[in-house]
Amino acid sequence: MHNERKTILVVDDDNIILMLVHGLLKAQYRCVPVRSGADALDFLQQDSADLVLLDMEMPDMGGMEVAEAIHAQPNYNKLPILLLTGVAENHQQLSLLQNANVVDVIRKPFLPSALLRQVEIYLELFDLREQLDQMVRERTAGLAAQRGLLVSMFSNLIEYRDQAQGEHIQRLQAVVRKVIVGYNKLFPERAIKDAEAERIVLGSQMHDIGKVSIADAILLKPGRLTPEEYDIMKKHTVYGAQTLQSVEDEDPDGLLQIARQIAASHHEKWDGSGYPDGQRGEQIPLPARIVAVADVLDALMSLRPYRRALHYDQAVQSMVEARGKHFDPDLVDAFLDQSADIEDIYVSYGDS
């Protein structure tokens, strides 16, 4: 991870919190503790920071006011701010997460290991965004040559954020390959060429990259999301598309365009009931329709805290029932054509 003496600005009027956080971070980071919002703003006028840990409740200037003042400065409008708060109610935390000046909320008292993890994640995330911004600024033809590295960086970041995503991505890619094989077999007049198929498989790795912009409190919640939390989670499609759109023009053979289509539309449904745009039928790009089949299958086959994993035959039945509703009917037929080989994928991963 890229944490070589990054500067963490810690703003809290509680000396005990300042001492605790300083003790946790000082071995890996340059940790600057200050006791007020005014002191934080003074520091940023003279120096710089890579991340801010900010108490919400302080005298004189509250945390949200400080966050707004920091982001009002051109040099710091993208500086990640993690809010430290004692609020206990989920709806209060959710309200804080919806503020554009805050990337995540850490509830006091916090686990030291959890705080360290969130600091490392957000430093890595914003390093990656800076690299993307630099690529766009330079507008070099080198992006095409670097695209494999770019895809790997995104995938590794997603996996680091949520370990379960690593194997999910590998299984999803394997299923996508098989669905394309089935599609080409059943519909040769519409066959997907090899080069295009490889772009779809590679681009599928980035279907959930927008989740790096979703707060841990929602992304890693062990139980079911509330309707309000689910609305925030659904925005990962928009965030992912925006991230990829910023660089796709620099990729001459279209990988990032396909990846953006997948990120934006893999939760759309054939009958128009999906999100974020309610696309229906062939309005949904074919790569996204293919990934939707693989993504839902893997979700059905995976254990969740609120439900058991389905056996393969049960998952297949669910997929068939969603033919023409959630999924492109032709792609369900392609999936069924390759069903035996797809079942073997789950046997090899030990998930069936």
# chains A, B, ... in the order shown; residues from 1 in each chain; ligands from 1
call {"tool": "closest_atom_pairs", "arguments": {"of": "range 46-118 of chain A", "to": "range 230-233 of chain A", "cutoff": "10 Å", "atoms": "only C-alpha atoms", "output": "Markdown table"}}
result
| residue | atom | partner | partner_atom | distance |
| --- | --- | --- | --- | --- |
| A:Leu94 | CA | A:Ile232 | CA | 9.1 |
| A:Leu97 | CA | A:Ile232 | CA | 9.1 |
| A:Gln98 | CA | A:Ile232 | CA | 8.1 |
call {"tool": "write_last_selection", "arguments": {"atoms": "all heavy atoms", "output": "PDB file, in the first residue's frame"}}
result
ATOM      1  N   LEU A  94     -26.278   7.541   8.652  1.00  0.00           N
ATOM      2  CA  LEU A  94     -26.643   7.575   7.236  1.00  0.00           C
ATOM      3  C   LEU A  94     -26.753   9.005   6.741  1.00  0.00           C
ATOM      4  O   LEU A  94     -26.308   9.342   5.639  1.00  0.00           O
ATOM      5  CB  LEU A  94     -27.964   6.836   7.038  1.00  0.00           C
ATOM      6  CG  LEU A  94     -28.400   6.586   5.599  1.00  0.00           C
ATOM      7  CD1 LEU A  94     -27.370   5.740   4.871  1.00  0.00           C
ATOM      8  CD2 LEU A  94     -29.761   5.920   5.571  1.00  0.00           C
ATOM      9  N   LEU A  97     -23.307  10.351   6.157  1.00  0.00           N
ATOM     10  CA  LEU A  97     -22.677   9.769   4.980  1.00  0.00           C
ATOM     11  C   LEU A  97     -23.163  10.419   3.685  1.00  0.00           C
ATOM     12  O   LEU A  97     -22.478  10.363   2.662  1.00  0.00           O
ATOM     13  CB  LEU A  97     -22.950   8.262   4.925  1.00  0.00           C
ATOM     14  CG  LEU A  97     -22.178   7.402   5.930  1.00  0.00           C
ATOM     15  CD1 LEU A  97     -22.732   5.992   5.950  1.00  0.00           C
ATOM     16  CD2 LEU A  97     -20.699   7.389   5.585  1.00  0.00           C
ATOM     17  N   GLN A  98     -24.338  11.007   3.725  1.00  0.00           N
ATOM     18  CA  GLN A  98     -24.883  11.622   2.526  1.00  0.00           C
ATOM     19  C   GLN A  98     -24.307  13.013   2.276  1.00  0.00           C
ATOM     20  O   GLN A  98     -24.583  13.621   1.240  1.00  0.00           O
ATOM     21  CB  GLN A  98     -26.414  11.674   2.619  1.00  0.00           C
ATOM     22  CG  GLN A  98     -27.043  10.285   2.548  1.00  0.00           C
ATOM     23  CD  GLN A  98     -28.551  10.299   2.761  1.00  0.00           C
ATOM     24  OE1 GLN A  98     -29.040  10.969   3.660  1.00  0.00           O
ATOM     25  NE2 GLN A  98     -29.273   9.559   1.959  1.00  0.00           N
TER      26      GLN A  98
END
call {"tool": "residues_around", "arguments": {"residues": "His266 in chain A", "least_positions_apart": "4", "cutoff": "7 Å", "atoms": "only C-alpha atoms", "output": "ChimeraX atom specification"}}
result
/A:262,288-289,291-292
call {"tool": "closest_residue", "arguments": {"among": "A:Ile284, A:Ala40, A:Leu310, A:Ala114", "to": "Ile70 in chain A", "atoms": "only C-alpha atoms"}}
result
A:Ala40
call {"tool": "decode", "arguments": {"residues": "range 4-41 of chain A", "atoms": "N, CA and C atoms", "output": "PDB file, in the first residue's frame"}}
result
ATOM      1  N   GLU A   4       3.899   5.677   2.467  1.00  0.00           N
ATOM      2  CA  GLU A   4       5.193   6.159   2.899  1.00  0.00           C
ATOM      3  C   GLU A   4       5.082   7.573   3.465  1.00  0.00           C
ATOM      4  N   ARG A   5       5.026   7.626   4.785  1.00  0.00           N
ATOM      5  CA  ARG A   5       4.995   8.887   5.520  1.00  0.00           C
ATOM      6  C   ARG A   5       3.933   9.851   4.993  1.00  0.00           C
ATOM      7  N   LYS A   6       2.784   9.324   4.704  1.00  0.00           N
ATOM      8  CA  LYS A   6       1.644  10.176   4.404  1.00  0.00           C
ATOM      9  C   LYS A   6       1.304  10.988   5.653  1.00  0.00           C
ATOM     10  N   THR A   7       0.736  12.155   5.448  1.00  0.00           N
ATOM     11  CA  THR A   7       0.375  13.015   6.568  1.00  0.00           C
ATOM     12  C   THR A   7      -1.094  12.866   6.890  1.00  0.00           C
ATOM     13  N   ILE A   8      -1.386  12.501   8.131  1.00  0.00           N
ATOM     14  CA  ILE A   8      -2.757  12.382   8.623  1.00  0.00           C
ATOM     15  C   ILE A   8      -3.004  13.514   9.612  1.00  0.00           C
ATOM     16  N   LEU A   9      -3.940  14.388   9.298  1.00  0.00           N
ATOM     17  CA  LEU A   9      -4.314  15.486  10.189  1.00  0.00           C
ATOM     18  C   LEU A   9      -5.465  15.001  11.072  1.00  0.00           C
ATOM     19  N   VAL A  10      -5.256  15.004  12.386  1.00  0.00           N
ATOM     20  CA  VAL A  10      -6.273  14.530  13.331  1.00  0.00           C
ATOM     21  C   VAL A  10      -6.801  15.730  14.103  1.00  0.00           C
ATOM     22  N   VAL A  11      -8.118  15.947  14.016  1.00  0.00           N
ATOM     23  CA  VAL A  11      -8.727  17.136  14.612  1.00  0.00           C
ATOM     24  C   VAL A  11      -9.753  16.685  15.645  1.00  0.00           C
ATOM     25  N   ASP A  12      -9.465  16.935  16.921  1.00  0.00           N
ATOM     26  CA  ASP A  12     -10.376  16.530  17.998  1.00  0.00           C
ATOM     27  C   ASP A  12     -10.057  17.347  19.241  1.00  0.00           C
ATOM     28  N   ASP A  13     -11.083  17.812  19.947  1.00  0.00           N
ATOM     29  CA  ASP A  13     -10.839  18.595  21.156  1.00  0.00           C
ATOM     30  C   ASP A  13     -10.581  17.713  22.374  1.00  0.00           C
ATOM     31  N   ASP A  14     -10.630  16.397  22.200  1.00  0.00           N
ATOM     32  CA  ASP A  14     -10.413  15.447  23.299  1.00  0.00           C
ATOM     33  C   ASP A  14      -8.961  14.977  23.259  1.00  0.00           C
ATOM     34  N   ASN A  15      -8.192  15.355  24.285  1.00  0.00           N
ATOM     35  CA  ASN A  15      -6.778  14.990  24.321  1.00  0.00           C
ATOM     36  C   ASN A  15      -6.562  13.487  24.331  1.00  0.00           C
ATOM     37  N   ILE A  16      -7.462  12.739  24.957  1.00  0.00           N
ATOM     38  CA  ILE A  16      -7.311  11.287  25.024  1.00  0.00           C
ATOM     39  C   ILE A  16      -7.415  10.680  23.621  1.00  0.00           C
ATOM     40  N   ILE A  17      -8.397  11.165  22.842  1.00  0.00           N
ATOM     41  CA  ILE A  17      -8.545  10.685  21.468  1.00  0.00           C
ATOM     42  C   ILE A  17      -7.305  11.040  20.648  1.00  0.00           C
ATOM     43  N   LEU A  18      -6.823  12.271  20.805  1.00  0.00           N
ATOM     44  CA  LEU A  18      -5.635  12.686  20.058  1.00  0.00           C
ATOM     45  C   LEU A  18      -4.438  11.807  20.390  1.00  0.00           C
ATOM     46  N   MET A  19      -4.247  11.508  21.669  1.00  0.00           N
ATOM     47  CA  MET A  19      -3.121  10.665  22.076  1.00  0.00           C
ATOM     48  C   MET A  19      -3.279   9.246  21.546  1.00  0.00           C
ATOM     49  N   LEU A  20      -4.511   8.720  21.611  1.00  0.00           N
ATOM     50  CA  LEU A  20      -4.758   7.362  21.142  1.00  0.00           C
ATOM     51  C   LEU A  20      -4.488   7.242  19.648  1.00  0.00           C
ATOM     52  N   VAL A  21      -5.062   8.168  18.867  1.00  0.00           N
ATOM     53  CA  VAL A  21      -4.901   8.103  17.417  1.00  0.00           C
ATOM     54  C   VAL A  21      -3.445   8.335  17.024  1.00  0.00           C
ATOM     55  N   HIS A  22      -2.796   9.282  17.688  1.00  0.00           N
ATOM     56  CA  HIS A  22      -1.378   9.530  17.403  1.00  0.00           C
ATOM     57  C   HIS A  22      -0.549   8.287  17.677  1.00  0.00           C
ATOM     58  N   GLY A  23      -0.836   7.609  18.776  1.00  0.00           N
ATOM     59  CA  GLY A  23      -0.120   6.385  19.092  1.00  0.00           C
ATOM     60  C   GLY A  23      -0.335   5.287  18.067  1.00  0.00           C
ATOM     61  N   LEU A  24      -1.546   5.211  17.518  1.00  0.00           N
ATOM     62  CA  LEU A  24      -1.859   4.190  16.518  1.00  0.00           C
ATOM     63  C   LEU A  24      -1.174   4.452  15.182  1.00  0.00           C
ATOM     64  N   LEU A  25      -1.084   5.731  14.809  1.00  0.00           N
ATOM     65  CA  LEU A  25      -0.670   6.070  13.456  1.00  0.00           C
ATOM     66  C   LEU A  25       0.805   6.425  13.318  1.00  0.00           C
ATOM     67  N   LYS A  26       1.470   6.789  14.398  1.00  0.00           N
ATOM     68  CA  LYS A  26       2.792   7.402  14.277  1.00  0.00           C
ATOM     69  C   LYS A  26       3.841   6.479  13.669  1.00  0.00           C
ATOM     70  N   ALA A  27       3.675   5.163  13.823  1.00  0.00           N
ATOM     71  CA  ALA A  27       4.674   4.251  13.267  1.00  0.00           C
ATOM     72  C   ALA A  27       4.644   4.227  11.741  1.00  0.00           C
ATOM     73  N   GLN A  28       3.469   4.442  11.156  1.00  0.00           N
ATOM     74  CA  GLN A  28       3.324   4.347   9.701  1.00  0.00           C
ATOM     75  C   GLN A  28       3.176   5.691   9.008  1.00  0.00           C
ATOM     76  N   TYR A  29       2.674   6.677   9.735  1.00  0.00           N
ATOM     77  CA  TYR A  29       2.339   7.943   9.102  1.00  0.00           C
ATOM     78  C   TYR A  29       2.901   9.116   9.896  1.00  0.00           C
ATOM     79  N   ARG A  30       2.985  10.237   9.217  1.00  0.00           N
ATOM     80  CA  ARG A  30       3.225  11.493   9.912  1.00  0.00           C
ATOM     81  C   ARG A  30       1.873  11.953  10.446  1.00  0.00           C
ATOM     82  N   CYS A  31       1.688  11.893  11.723  1.00  0.00           N
ATOM     83  CA  CYS A  31       0.403  12.193  12.351  1.00  0.00           C
ATOM     84  C   CYS A  31       0.467  13.573  13.007  1.00  0.00           C
ATOM     85  N   VAL A  32      -0.416  14.473  12.592  1.00  0.00           N
ATOM     86  CA  VAL A  32      -0.436  15.844  13.123  1.00  0.00           C
ATOM     87  C   VAL A  32      -1.726  16.035  13.917  1.00  0.00           C
ATOM     88  N   PRO A  33      -1.666  16.058  15.254  1.00  0.00           N
ATOM     89  CA  PRO A  33      -2.873  16.263  16.065  1.00  0.00           C
ATOM     90  C   PRO A  33      -3.105  17.739  16.365  1.00  0.00           C
ATOM     91  N   VAL A  34      -4.341  18.198  16.163  1.00  0.00           N
ATOM     92  CA  VAL A  34      -4.720  19.567  16.529  1.00  0.00           C
ATOM     93  C   VAL A  34      -6.060  19.523  17.253  1.00  0.00           C
ATOM     94  N   ARG A  35      -6.352  20.560  18.050  1.00  0.00           N
ATOM     95  CA  ARG A  35      -7.500  20.508  18.952  1.00  0.00           C
ATOM     96  C   ARG A  35      -8.714  21.307  18.482  1.00  0.00           C
ATOM     97  N   SER A  36      -8.635  21.943  17.323  1.00  0.00           N
ATOM     98  CA  SER A  36      -9.779  22.734  16.876  1.00  0.00           C
ATOM     99  C   SER A  36      -9.797  22.846  15.352  1.00  0.00           C
ATOM    100  N   GLY A  37     -10.974  23.213  14.844  1.00  0.00           N
ATOM    101  CA  GLY A  37     -11.078  23.436  13.421  1.00  0.00           C
ATOM    102  C   GLY A  37     -10.211  24.575  12.949  1.00  0.00           C
ATOM    103  N   ALA A  38     -10.128  25.640  13.744  1.00  0.00           N
ATOM    104  CA  ALA A  38      -9.295  26.782  13.370  1.00  0.00           C
ATOM    105  C   ALA A  38      -7.832  26.356  13.238  1.00  0.00           C
ATOM    106  N   ASP A  39      -7.361  25.529  14.193  1.00  0.00           N
ATOM    107  CA  ASP A  39      -5.976  25.038  14.125  1.00  0.00           C
ATOM    108  C   ASP A  39      -5.766  24.174  12.878  1.00  0.00           C
ATOM    109  N   ALA A  40      -6.771  23.373  12.522  1.00  0.00           N
ATOM    110  CA  ALA A  40      -6.668  22.531  11.331  1.00  0.00           C
ATOM    111  C   ALA A  40      -6.527  23.381  10.077  1.00  0.00           C
ATOM    112  N   LEU A  41      -7.356  24.430   9.976  1.00  0.00           N
ATOM    113  CA  LEU A  41      -7.290  25.307   8.804  1.00  0.00           C
ATOM    114  C   LEU A  41      -5.968  26.069   8.758  1.00  0.00           C
TER     115      LEU A  41
END
